[in-house]
Every structure is written in structure tokens, then in C-alpha cells.
file model_7.cif (mmCIF, C-alpha atoms and all ligand atoms)
data_my_file
loop_
_atom_site.group_PDB
_atom_site.id
_atom_site.type_symbol
_atom_site.label_atom_id
_atom_site.label_comp_id
_atom_site.auth_asym_id
_atom_site.auth_seq_id
_atom_site.Cartn_x
_atom_site.Cartn_y
_atom_site.Cartn_z
ATOM 1 C CA MET B 93 130.654 28.379 105.498
ATOM 2 C CA ALA B 94 132.326 25.407 107.151
ATOM 3 C CA LEU B 95 129.763 23.041 105.679
ATOM 4 C CA SER B 96 130.135 24.589 102.252
ATOM 5 C CA SER B 97 133.902 24.245 102.451
ATOM 6 C CA PHE B 98 133.538 20.619 103.520
ATOM 7 C CA LEU B 99 131.240 19.881 100.577
ATOM 8 C CA LEU B 100 133.643 21.482 98.117
ATOM 9 C CA ARG B 101 136.557 19.434 99.404
ATOM 10 C CA SER B 102 134.530 16.229 99.481
ATOM 11 C CA LEU B 103 133.287 16.677 95.946
ATOM 12 C CA THR B 104 136.708 17.367 94.561
ATOM 13 C CA ARG B 105 138.361 14.515 96.445
ATOM 14 C CA ALA B 106 135.680 12.095 95.377
ATOM 15 C CA ARG B 107 136.103 12.910 91.703
ATOM 16 C CA TYR B 108 139.829 13.348 91.346
ATOM 17 C CA GLY B 109 141.647 12.104 94.441
ATOM 18 C CA LEU B 110 143.784 13.991 96.883
ATOM 19 C CA ALA B 111 147.100 13.517 95.128
ATOM 20 C CA ARG B 112 146.063 15.535 92.089
ATOM 21 C CA LEU B 113 144.836 18.401 94.207
ATOM 22 C CA GLU B 114 148.398 19.082 95.285
ATOM 23 C CA GLY B 115 149.170 20.397 91.837
ATOM 24 C CA ARG B 116 146.430 22.961 91.821
ATOM 25 C CA ARG B 117 148.134 25.432 94.160
ATOM 26 C CA ARG B 118 151.129 25.595 91.879
ATOM 27 C CA ALA B 119 148.915 26.027 88.825
ATOM 28 C CA ASN B 120 146.835 28.681 90.527
ATOM 29 C CA ALA B 121 149.920 30.841 90.951
ATOM 30 C CA LEU B 122 150.648 30.889 87.235
ATOM 31 C CA PRO B 123 150.226 34.220 85.459
ATOM 32 C CA SER B 124 147.177 34.294 83.217
ATOM 33 C CA LYS B 125 149.246 34.691 80.029
ATOM 34 C CA HIS B 126 151.198 31.522 80.696
ATOM 35 C CA ARG B 127 150.716 28.780 78.128
ATOM 36 C CA GLY B 128 151.708 25.168 78.202
ATOM 37 C CA PRO B 129 150.624 21.789 79.576
ATOM 38 C CA LEU B 130 149.866 21.413 83.256
ATOM 39 C CA ASN B 131 150.892 18.174 84.884
ATOM 40 C CA PRO B 132 149.050 17.506 87.087
ATOM 41 C CA PRO B 133 146.058 19.401 85.731
ATOM 42 C CA PHE B 134 144.605 22.410 87.515
ATOM 43 C CA LEU B 135 141.507 21.436 89.480
ATOM 44 C CA ARG B 136 139.207 23.606 91.514
ATOM 45 C CA ALA B 137 135.724 23.065 92.893
ATOM 46 C CA GLY B 138 133.236 25.900 92.817
ATOM 47 C CA VAL B 139 129.868 27.082 91.593
ATOM 48 C CA CYS B 140 129.526 27.583 87.838
ATOM 49 C CA ASP B 141 127.510 30.640 86.816
ATOM 50 C CA ILE B 142 126.090 28.740 83.865
ATOM 51 C CA CYS B 143 125.268 25.410 85.559
ATOM 52 C CA GLU B 144 124.417 27.169 88.820
ATOM 53 C CA GLU B 145 125.603 24.156 90.750
ATOM 54 C CA LEU B 146 128.686 22.845 92.473
ATOM 55 C CA VAL B 147 131.144 21.628 89.846
ATOM 56 C CA VAL B 148 134.834 21.026 89.262
ATOM 57 C CA PHE B 149 136.781 23.334 86.959
ATOM 58 C CA ARG B 150 139.640 21.632 85.180
ATOM 59 C CA ALA B 151 142.478 22.752 82.921
ATOM 60 C CA GLU B 152 145.243 20.691 81.370
ATOM 61 C CA ASP B 153 146.873 23.796 79.884
ATOM 62 C CA ALA B 154 147.817 27.036 81.602
ATOM 63 C CA TRP B 155 146.041 29.084 78.902
ATOM 64 C CA PHE B 156 142.899 29.237 81.000
ATOM 65 C CA ARG B 157 141.062 31.477 78.526
ATOM 66 C CA ASP B 158 140.262 28.522 76.296
ATOM 67 C CA ARG B 159 141.146 25.596 78.523
ATOM 68 C CA LEU B 160 139.648 26.045 82.006
ATOM 69 C CA HIS B 161 136.485 24.034 81.484
ATOM 70 C CA CYS B 162 133.551 23.428 83.755
ATOM 71 C CA THR B 163 133.487 19.632 83.796
ATOM 72 C CA ASN B 164 129.690 19.733 83.817
ATOM 73 C CA CYS B 165 128.678 22.184 81.043
ATOM 74 C CA ARG B 166 132.087 22.501 79.298
ATOM 75 C CA SER B 167 131.940 26.301 79.544
ATOM 76 C CA ILE B 168 135.129 28.374 79.533
ATOM 77 C CA PRO B 169 135.957 31.473 81.622
ATOM 78 C CA ARG B 170 134.684 34.179 79.269
ATOM 79 C CA GLU B 171 131.319 32.416 78.985
ATOM 80 C CA ARG B 172 131.017 32.264 82.762
ATOM 81 C CA ALA B 173 132.054 35.923 83.023
ATOM 82 C CA PHE B 174 129.436 36.765 80.397
ATOM 83 C CA MET B 175 126.724 34.938 82.349
ATOM 84 C CA ARG B 176 127.712 36.703 85.591
ATOM 85 C CA VAL B 177 127.467 40.084 83.844
ATOM 86 C CA LEU B 178 124.244 39.131 82.047
ATOM 87 C CA LYS B 179 122.517 38.133 85.290
ATOM 88 C CA GLN B 180 123.547 41.398 86.908
ATOM 89 C CA SER B 181 122.793 43.641 83.915
ATOM 90 C CA VAL B 182 119.576 42.032 82.648
ATOM 91 C CA PRO B 183 118.123 40.029 85.562
ATOM 92 C CA GLY B 184 114.964 38.933 83.716
ATOM 93 C CA PHE B 185 116.750 37.901 80.529
ATOM 94 C CA ALA B 186 115.097 34.464 80.342
ATOM 95 C CA LYS B 187 111.735 36.017 79.476
ATOM 96 C CA LEU B 188 113.111 38.354 76.815
ATOM 97 C CA SER B 189 113.711 38.055 73.092
ATOM 98 C CA VAL B 190 117.338 37.027 72.761
ATOM 99 C CA HIS B 191 119.421 36.711 69.616
ATOM 100 C CA GLU B 192 122.893 35.240 69.523
ATOM 101 C CA SER B 193 125.191 35.572 66.531
ATOM 102 C CA SER B 194 127.529 32.645 65.861
ATOM 103 C CA PRO B 195 126.742 30.559 68.956
ATOM 104 C CA GLN B 196 128.949 27.803 70.303
ATOM 105 C CA ARG B 197 126.093 25.308 70.299
ATOM 106 C CA ARG B 198 127.755 22.367 71.989
ATOM 107 C CA ARG B 199 128.631 23.815 75.333
ATOM 108 C CA GLY B 200 128.156 26.364 78.042
ATOM 109 C CA LEU B 201 126.474 29.693 77.520
ATOM 110 C CA SER B 202 124.764 29.130 74.164
ATOM 111 C CA VAL B 203 123.264 25.847 75.367
ATOM 112 C CA ARG B 204 121.928 27.502 78.518
ATOM 113 C CA LEU B 205 120.437 30.463 76.630
ATOM 114 C CA ALA B 206 118.762 28.161 74.103
ATOM 115 C CA ARG B 207 117.380 26.009 76.917
ATOM 116 C CA ASP B 208 116.175 28.721 79.278
ATOM 117 C CA CYS B 209 115.013 31.484 76.934
ATOM 118 C CA PRO B 210 111.851 30.527 74.995
ATOM 119 C CA LYS B 211 112.414 33.544 72.730
ATOM 120 C CA TYR B 212 116.036 32.654 71.951
ATOM 121 C CA THR B 213 117.105 32.624 68.311
ATOM 122 C CA CYS B 214 120.518 32.417 66.723
ATOM 123 C CA SER B 215 122.207 32.881 63.384
ATOM 124 C CA HIS B 216 125.415 32.150 61.519
ATOM 125 C CA LEU B 217 126.872 33.666 58.391
ATOM 126 C CA TYR B 218 126.896 30.888 55.781
ATOM 127 C CA PRO B 219 128.534 31.993 52.535
ATOM 128 C CA ASP B 220 126.280 29.820 50.364
ATOM 129 C CA ILE B 221 122.875 30.579 51.978
ATOM 130 C CA PRO B 222 120.784 33.701 51.161
ATOM 131 C CA LEU B 223 120.521 36.126 54.070
ATOM 132 C CA GLY B 224 117.427 35.575 56.204
ATOM 133 C CA GLN B 225 117.020 31.939 55.116
ATOM 134 C CA ARG B 226 117.705 28.824 57.138
ATOM 135 C CA HIS B 227 120.521 26.407 56.507
ATOM 136 C CA PRO B 228 118.942 23.174 55.193
ATOM 137 C CA LYS B 229 120.986 20.975 57.524
ATOM 138 C CA THR B 230 121.415 22.976 60.715
ATOM 139 C CA GLY B 231 118.105 24.884 60.495
ATOM 140 C CA ILE B 232 119.976 27.976 61.639
ATOM 141 C CA ARG B 233 119.173 31.291 59.976
ATOM 142 C CA CYS B 234 121.832 32.928 57.851
ATOM 143 C CA GLU B 235 122.600 36.501 58.874
ATOM 144 C CA ASP B 236 125.393 38.945 58.184
ATOM 145 C CA LEU B 237 126.093 41.334 61.050
ATOM 146 C CA GLU B 238 126.793 44.089 58.525
ATOM 147 C CA CYS B 239 123.264 43.876 57.127
ATOM 148 C CA LEU B 240 120.924 42.051 59.497
ATOM 149 C CA THR B 241 117.565 41.250 57.875
ATOM 150 C CA PHE B 242 115.527 41.535 61.085
ATOM 151 C CA PRO B 243 113.043 44.413 61.449
ATOM 152 C CA ASP B 244 114.021 47.411 63.576
ATOM 153 C CA GLU B 245 113.718 46.933 67.340
ATOM 154 C CA SER B 246 113.398 43.126 67.220
ATOM 155 C CA PHE B 247 115.361 42.064 70.311
ATOM 156 C CA HIS B 248 115.742 42.866 73.982
ATOM 157 C CA LEU B 249 119.155 41.215 74.125
ATOM 158 C CA PHE B 250 121.783 40.699 71.420
ATOM 159 C CA VAL B 251 124.668 38.358 72.218
ATOM 160 C CA THR B 252 128.031 38.038 70.489
ATOM 161 C CA LEU B 253 130.822 35.995 72.046
ATOM 162 C CA ASP B 254 134.199 36.540 70.394
ATOM 163 C CA VAL B 255 132.661 37.472 67.051
ATOM 164 C CA LEU B 256 133.402 41.173 66.581
ATOM 165 C CA GLU B 257 137.149 40.678 66.186
ATOM 166 C CA HIS B 258 136.278 39.044 62.848
ATOM 167 C CA VAL B 259 134.171 41.748 61.163
ATOM 168 C CA PHE B 260 135.506 44.159 58.565
ATOM 169 C CA ASP B 261 133.139 47.122 58.726
ATOM 170 C CA ALA B 262 132.805 47.503 62.492
ATOM 171 C CA GLU B 263 130.881 50.770 62.259
ATOM 172 C CA THR B 264 128.196 49.187 60.085
ATOM 173 C CA VAL B 265 128.045 46.134 62.358
ATOM 174 C CA PHE B 266 127.479 48.155 65.534
ATOM 175 C CA LYS B 267 124.890 50.314 63.767
ATOM 176 C CA SER B 268 123.147 47.196 62.492
ATOM 177 C CA ILE B 269 122.990 45.631 65.966
ATOM 178 C CA ALA B 270 121.776 48.935 67.454
ATOM 179 C CA ARG B 271 119.002 49.061 64.850
ATOM 180 C CA VAL B 272 117.586 45.655 65.801
ATOM 181 C CA LEU B 273 117.718 46.336 69.554
ATOM 182 C CA LYS B 274 114.497 47.420 71.193
ATOM 183 C CA PRO B 275 114.605 50.698 73.153
ATOM 184 C CA GLY B 276 116.189 49.799 76.479
ATOM 185 C CA GLY B 277 117.652 46.655 74.891
ATOM 186 C CA THR B 278 121.193 45.496 75.517
ATOM 187 C CA HIS B 279 124.044 44.179 73.430
ATOM 188 C CA ILE B 280 126.413 42.178 75.589
ATOM 189 C CA PHE B 281 129.586 40.835 74.041
ATOM 190 C CA THR B 282 133.107 39.612 74.489
ATOM 191 C CA VAL B 283 136.045 40.301 72.206
ATOM 192 C CA PRO B 284 139.705 39.742 73.004
ATOM 193 C CA MET B 285 140.808 43.226 74.090
ATOM 194 C CA VAL B 286 144.378 42.559 73.062
ATOM 195 C CA ASN B 287 145.238 46.261 72.739
ATOM 196 C CA LYS B 288 143.803 47.191 76.153
ATOM 197 C CA PHE B 289 144.781 50.870 76.727
ATOM 198 C CA LYS B 290 146.263 51.271 73.258
ATOM 199 C CA PRO B 291 143.959 52.385 70.425
ATOM 200 C CA SER B 292 142.046 49.724 68.552
ATOM 201 C CA ARG B 293 143.568 48.842 65.193
ATOM 202 C CA ALA B 294 142.183 47.128 62.124
ATOM 203 C CA ARG B 295 144.325 44.124 61.232
ATOM 204 C CA ALA B 296 142.812 43.883 57.760
ATOM 205 C CA GLU B 297 140.385 45.756 55.547
ATOM 206 C CA ARG B 298 138.107 44.746 52.711
ATOM 207 C CA LEU B 299 138.238 46.977 49.658
ATOM 208 C CA PRO B 300 135.083 47.733 47.623
ATOM 209 C CA SER B 301 136.380 45.216 45.084
ATOM 210 C CA GLY B 302 136.255 42.527 47.761
ATOM 211 C CA GLU B 303 140.010 42.278 47.936
ATOM 212 C CA ILE B 304 141.376 41.952 51.465
ATOM 213 C CA VAL B 305 144.366 44.053 52.454
ATOM 214 C CA HIS B 306 146.308 42.899 55.497
ATOM 215 C CA HIS B 307 147.859 45.495 57.791
ATOM 216 C CA MET B 308 149.323 42.839 60.084
ATOM 217 C CA GLU B 309 150.340 39.211 59.837
ATOM 218 C CA PRO B 310 147.095 37.274 59.185
ATOM 219 C CA THR B 311 145.820 35.436 62.253
ATOM 220 C CA TYR B 312 142.917 33.007 62.213
ATOM 221 C CA HIS B 313 140.571 31.559 64.814
ATOM 222 C CA GLY B 314 138.780 28.247 64.370
ATOM 223 C CA ASN B 315 135.234 28.556 63.009
ATOM 224 C CA PRO B 316 133.435 25.309 62.146
ATOM 225 C CA SER B 317 130.591 27.123 60.302
ATOM 226 C CA THR B 318 132.845 28.372 57.495
ATOM 227 C CA PRO B 319 134.124 26.211 54.614
ATOM 228 C CA ALA B 320 137.733 26.921 55.623
ATOM 229 C CA LYS B 321 136.876 26.124 59.277
ATOM 230 C CA ARG B 322 138.569 29.339 60.322
ATOM 231 C CA SER B 323 137.950 33.101 60.478
ATOM 232 C CA LEU B 324 140.432 35.904 59.877
ATOM 233 C CA MET B 325 141.009 38.135 62.885
ATOM 234 C CA THR B 326 140.297 41.641 61.560
ATOM 235 C CA TRP B 327 140.562 43.823 64.662
ATOM 236 C CA ASN B 328 142.870 44.254 67.627
ATOM 237 C CA TRP B 329 140.354 45.882 69.959
ATOM 238 C CA GLY B 330 141.255 48.106 72.884
ATOM 239 C CA TYR B 331 139.221 49.790 75.593
ATOM 240 C CA ASP B 332 138.511 52.697 73.249
ATOM 241 C CA ILE B 333 135.881 50.426 71.698
ATOM 242 C CA THR B 334 133.299 52.052 73.971
ATOM 243 C CA GLY B 335 134.054 55.495 72.510
ATOM 244 C CA ARG B 336 133.788 54.136 68.992
ATOM 245 C CA ILE B 337 130.424 52.509 69.753
ATOM 246 C CA ALA B 338 129.186 55.800 71.223
ATOM 247 C CA ASP B 339 130.363 57.754 68.169
ATOM 248 C CA TRP B 340 128.788 55.287 65.764
ATOM 249 C CA THR B 341 125.483 54.562 67.530
ATOM 250 C CA GLY B 342 125.047 57.011 70.398
ATOM 251 C CA ILE B 343 124.927 54.037 72.760
ATOM 252 C CA ARG B 344 126.921 54.145 75.985
ATOM 253 C CA SER B 345 128.864 51.053 76.985
ATOM 254 C CA VAL B 346 130.778 49.796 80.001
ATOM 255 C CA ILE B 347 133.531 47.195 80.134
ATOM 256 C CA VAL B 348 133.337 44.727 83.000
ATOM 257 C CA GLN B 349 136.224 42.547 84.161
ATOM 258 C CA VAL B 350 135.257 39.634 86.394
ATOM 259 C CA ASP B 351 137.832 37.706 88.385
ATOM 260 C CA ASP B 352 136.414 35.010 90.654
ATOM 261 C CA ILE B 353 138.503 31.861 90.751
ATOM 262 C CA ASP B 354 135.941 30.158 92.998
ATOM 263 C CA ALA B 355 133.534 30.421 90.067
ATOM 264 C CA GLY B 356 136.149 29.334 87.538
ATOM 265 C CA ILE B 357 136.509 32.866 86.181
ATOM 266 C CA ARG B 358 140.168 33.718 85.879
ATOM 267 C CA ALA B 359 141.839 34.160 82.534
ATOM 268 C CA ALA B 360 143.350 36.709 80.202
ATOM 269 C CA LEU B 361 141.113 38.615 77.771
ATOM 270 C CA THR B 362 137.749 37.941 79.395
ATOM 271 C CA GLU B 363 136.368 41.490 79.461
ATOM 272 C CA VAL B 364 132.611 41.751 78.912
ATOM 273 C CA VAL B 365 131.130 44.813 77.201
ATOM 274 C CA VAL B 366 127.587 45.949 78.012
ATOM 275 C CA SER B 367 125.968 48.392 75.596
ATOM 276 C CA GLN B 368 122.468 49.490 76.547
ATOM 277 C CA LYS B 369 120.280 51.353 74.109
ATOM 278 C CA THR B 370 118.416 54.165 75.802
ATOM 279 C CA SER B 371 114.684 53.868 76.300
ATOM 280 C CA VAL B 372 112.687 56.370 74.283
HETATM 281 ZN ZN ZN B 401 129.110 24.777 84.200
#
call {"tool": "encode", "arguments": {"input": "model_7.cif", "output": "C-alpha cells"}}
result
Amino acid sequence: MALSSFLLRSLTRARYGLARLEGRRRANALPSKHRGPLNPPFLRAGVCDICEELVVFRAEDAWFRDRLHCTNCRSIPRERAFMRVLKQSVPGFAKLSVHESSPQRRRGLSVRLARDCPKYTCSHLYPDIPLGQRHPKTGIRCEDLECLTFPDESFHLFVTLDVLEHVFDAETVFKSIARVLKPGGTHIFTVPMVNKFKPSRARAERLPSGEIVHHMEPTYHGNPSTPAKRSLMTWNWGYDITGRIADWTGIRSVIVQVDDIDAGIRAALTEVVVSQKTSV
């Protein structure tokens, strides 16, 4: 323990200098919803669940959810929370067939899954590519979560990281994912649970004509794979999502909240949902 502590301190001092470390205690006391620049930046040494090595976590903004990066793999807290939950829920995941929808291919979790899982595949929804075909430039398959083209029971593990707050027909999406899971397979995902104990609410709906009706002020998240480079947020999810998934698919889910600042996991809206299809 003493040696480990010494190594942590030495690593951090060597990379960033003692003076900057003084700021981290102040930053660490900030509530997780706080936003705004941190000067000096927040710095903390620890073991990253994705790198699985000693690293430094760094944030220049108090909104840790998107800004507390591992300086080695560039992951953010919800990705590290996801990996912690994945390792505990599906210990042999690296040998399994894994599909990720809308991966963040330049950093963190998606990079690790693609590297370590020989049976990893991924897809994006490209508006101008037929479903089931590959994008000519990226080589990534085009898939729509509302009507996946994969055969039934294709995957042991289905991964979505902050995707399901952007779908219109959530019931069809969860049924579609359940269909392509093998018996005993698992869908693990993150969505911002902004409604927490309040009921989930649709922010927008798509009429049969294709027209979109907004029930709340439109909010967008960045999405480089779409022509507009952004996606409309369609759901404010709450913890009742597990009941909805059960009603729609018969699959039981649990919500896991990880808080482990020594592993760079501390931020608002980092709940991980684990939905495991029963074995037949
Ligand atoms: Zn890392």
C-alpha cells in the first residue's frame, strides 16, 4: 500500500509538478453538476479500467462527465464505469461476439473493445447508405436500431453508449436489440438518466408522416456521423427505464452506479444499465 501510494505520487509529480497538484483538492470538492473552467486543472493519478495501468486523470472543466479524461486512452468517466460493469457482469467478454452501435472510435472504450475482442463489430446509422451495407469510406456497416438487419440471436454482447436518448421508437429499438441477442446475452448501455426518479418522458416524437413533433425545447448532442454533425435528444430517461424494458422485451435489467475517484470514475449521469436475456 505504501509502495503503491509512493508510485502514484511519483508518477503524478513527474508529469505535472507539485504546484499544480495543490489545485486538485479544491477541484475534488466540487459538486458533480458544477460546470466551468478549472484553473489549475484537476489532476489525479489512478488505475484506468480501460487502460488497466497507472495513469493520470485530468480535467480542465468541472463538468467531469465529458471532461475528466484519462491522459493515456482519452476515456471519460462513463466509459470507465461501463468497463468496470462489463468486466464484472460478463467476465469473458473478450472471447464473445460483441456489437457496438455508434462507437466513439477515437478513444477509450470503443478502441479497447475493437482491439481486444476478435468478434467485435460496430455500426452507425448513415442516412444515405442502405441498411446492412458498409459505408464506402469508413467501412462501417449501416444499421438502424429500430430495424437491425442481423439474424436473430447474433450477439453475446450489445453495446450502446449514450445512444438511446436519441431514438424515437424506444419500444421497437429495445425489441430489436433483444431479438439479436443470443440467449443469455447481455445489452449493456449508458444513457443520461436526467429524470432519475421521475418518469421517463419523450422529448420529441416522429409522426407516421415523418414529421417531428417537439414536446420540449429541442436539444442536440454532437454526432460526427450525421450530415448535421448533431443528433436530437428524444428522451429524458429515468430509472423507470428498467420497467419499460421488461414490459417491452421481458428482459430484466439493473442500473449500476459506480463512484471510484481513484479510477477516475466520478461524474453526474454515469449510470450503467445491464439487461441480460434469459437463457432458454
Ligand atoms: Zn485509460
call {"tool": "residues_near_ligand", "arguments": {"input": "model_7.cif", "ligand": "ligand ZN 401 (chain B)", "cutoff": "9 Å", "atoms": "all atoms listed in the file", "output": "PyMOL selection string"}}
result
chain B and resi 139-149+161-168+172+199-201
call {"tool": "atom_distance", "arguments": {"input": "model_7.cif", "atom1": "CA of Asp354 in chain B", "atom2": "CA of Pro132 in chain B"}}
result
19.2 Å
call {"tool": "resolve_selection", "arguments": {"input": "model_7.cif", "expression": "the PyMOL selection byres (((chain B and resi 246) around 8) and not hetatm)", "output": "number ranges by chain"}}
result
B: 189, 242-245, 247-248, 272-274
call {"tool": "resolve_selection", "arguments": {"input": "model_7.cif", "expression": "the PyMOL selection byres (((chain B and resi 214) around 7) and not hetatm)", "output": "list in words"}}
result
His191, Glu192, Ser193, Pro195, Tyr212, Thr213, Ser215, Ile232 and Arg233 of chain B
call {"tool": "resolve_selection", "arguments": {"input": "model_7.cif", "expression": "the PyMOL selection byres (((chain B and resi 220-222) around 12) and not hetatm)", "output": "JSON list (two decimals) with C-alpha atoms, in the coordinates of the input"}}
result
[["chain", "number", "residue", "atom", "x", "y", "z"],
["B", 215, "SER", "CA", 122.21, 32.88, 63.38],
["B", 216, "HIS", "CA", 125.42, 32.15, 61.52],
["B", 217, "LEU", "CA", 126.87, 33.67, 58.39],
["B", 218, "TYR", "CA", 126.90, 30.89, 55.78],
["B", 219, "PRO", "CA", 128.53, 31.99, 52.54],
["B", 223, "LEU", "CA", 120.52, 36.13, 54.07],
["B", 224, "GLY", "CA", 117.43, 35.58, 56.20],
["B", 225, "GLN", "CA", 117.02, 31.94, 55.12],
["B", 226, "ARG", "CA", 117.70, 28.82, 57.14],
["B", 227, "HIS", "CA", 120.52, 26.41, 56.51],
["B", 228, "PRO", "CA", 118.94, 23.17, 55.19],
["B", 229, "LYS", "CA", 120.99, 20.98, 57.52],
["B", 230, "THR", "CA", 121.42, 22.98, 60.72],
["B", 231, "GLY", "CA", 118.10, 24.88, 60.50],
["B", 232, "ILE", "CA", 119.98, 27.98, 61.64],
["B", 233, "ARG", "CA", 119.17, 31.29, 59.98],
["B", 234, "CYS", "CA", 121.83, 32.93, 57.85],
["B", 235, "GLU", "CA", 122.60, 36.50, 58.87],
["B", 236, "ASP", "CA", 125.39, 38.94, 58.18],
["B", 240, "LEU", "CA", 120.92, 42.05, 59.50],
["B", 241, "THR", "CA", 117.56, 41.25, 57.88],
["B", 317, "SER", "CA", 130.59, 27.12, 60.30],
["B", 318, "THR", "CA", 132.84, 28.37, 57.50],
["B", 319, "PRO", "CA", 134.12, 26.21, 54.61]]
call {"tool": "atom_distance", "arguments": {"input": "model_7.cif", "atom1": "CA of Arg170 in chain B", "atom2": "CA of Val364 in chain B"}}
result
7.9 Å
call {"tool": "closest_residue", "arguments": {"input": "model_7.cif", "among": "B:Glu263, B:Ala360, B:Cys209, B:Ala294", "to": "Arg159 in chain B", "atoms": "only C-alpha atoms"}}
result
B:Ala360
call {"tool": "closest_residue", "arguments": {"input": "model_7.cif", "among": "B:Arg157, B:Lys290, B:Arg198, B:Lys369", "to": "Pro275 in chain B", "atoms": "all atoms listed in the file"}}
result
B:Lys369
call {"tool": "closest_residue", "arguments": {"input": "model_7.cif", "among": "B:Met325, B:Leu130, B:Ala173, B:Leu237", "to": "Lys267 in chain B", "atoms": "only C-alpha atoms"}}
result
B:Leu237
call {"tool": "decode", "arguments": {"input": "model_7.cif", "residues": "range 131-148 of chain B", "atoms": "N, CA and C atoms", "output": "tab-separated table (two decimals), in the first residue's frame"}}
result
chain	number	residue	atom	x	y	z
B	131	ASN	N	-8.93	26.16	-12.90
B	131	ASN	CA	-7.58	26.69	-13.00
B	131	ASN	C	-6.98	26.76	-11.62
B	132	PRO	N	-6.06	25.87	-11.27
B	132	PRO	CA	-5.42	24.88	-12.14
B	132	PRO	C	-6.34	23.71	-12.45
B	133	PRO	N	-5.98	22.90	-13.42
B	133	PRO	CA	-6.81	21.74	-13.76
B	133	PRO	C	-6.84	20.72	-12.65
B	134	PHE	N	-7.90	19.90	-12.65
B	134	PHE	CA	-7.98	18.77	-11.73
B	134	PHE	C	-7.06	17.67	-12.24
B	135	LEU	N	-6.26	17.13	-11.32
B	135	LEU	CA	-5.34	16.05	-11.68
B	135	LEU	C	-5.43	14.97	-10.62
B	136	ARG	N	-5.43	13.76	-11.04
B	136	ARG	CA	-5.46	12.65	-10.08
B	136	ARG	C	-4.84	11.42	-10.73
B	137	ALA	N	-3.94	10.78	-10.02
B	137	ALA	CA	-3.36	9.54	-10.52
B	137	ALA	C	-4.20	8.37	-10.07
B	138	GLY	N	-4.27	7.34	-10.88
B	138	GLY	CA	-5.02	6.15	-10.51
B	138	GLY	C	-4.95	5.13	-11.63
B	139	VAL	N	-5.67	4.04	-11.45
B	139	VAL	CA	-5.66	2.97	-12.44
B	139	VAL	C	-6.92	3.08	-13.29
B	140	CYS	N	-6.73	3.19	-14.59
B	140	CYS	CA	-7.85	3.29	-15.53
B	140	CYS	C	-8.39	1.89	-15.84
B	141	ASP	N	-9.71	1.74	-15.76
B	141	ASP	CA	-10.31	0.43	-16.05
B	141	ASP	C	-10.16	0.02	-17.51
B	142	ILE	N	-9.96	1.00	-18.37
B	142	ILE	CA	-9.83	0.67	-19.80
B	142	ILE	C	-8.37	0.40	-20.16
B	143	CYS	N	-7.46	1.26	-19.72
B	143	CYS	CA	-6.02	1.02	-19.95
B	143	CYS	C	-5.50	-0.12	-19.10
B	144	GLU	N	-6.08	-0.27	-17.92
B	144	GLU	CA	-5.60	-1.21	-16.90
B	144	GLU	C	-4.14	-0.93	-16.56
B	145	GLU	N	-3.81	0.33	-16.42
B	145	GLU	CA	-2.49	0.70	-15.94
B	145	GLU	C	-2.58	2.03	-15.20
B	146	LEU	N	-1.48	2.35	-14.53
B	146	LEU	CA	-1.42	3.58	-13.76
B	146	LEU	C	-1.40	4.77	-14.71
B	147	VAL	N	-2.33	5.69	-14.52
B	147	VAL	CA	-2.42	6.84	-15.43
B	147	VAL	C	-2.70	8.09	-14.61
B	148	VAL	N	-2.80	9.20	-15.30
B	148	VAL	CA	-3.25	10.45	-14.68
B	148	VAL	C	-4.58	10.85	-15.32
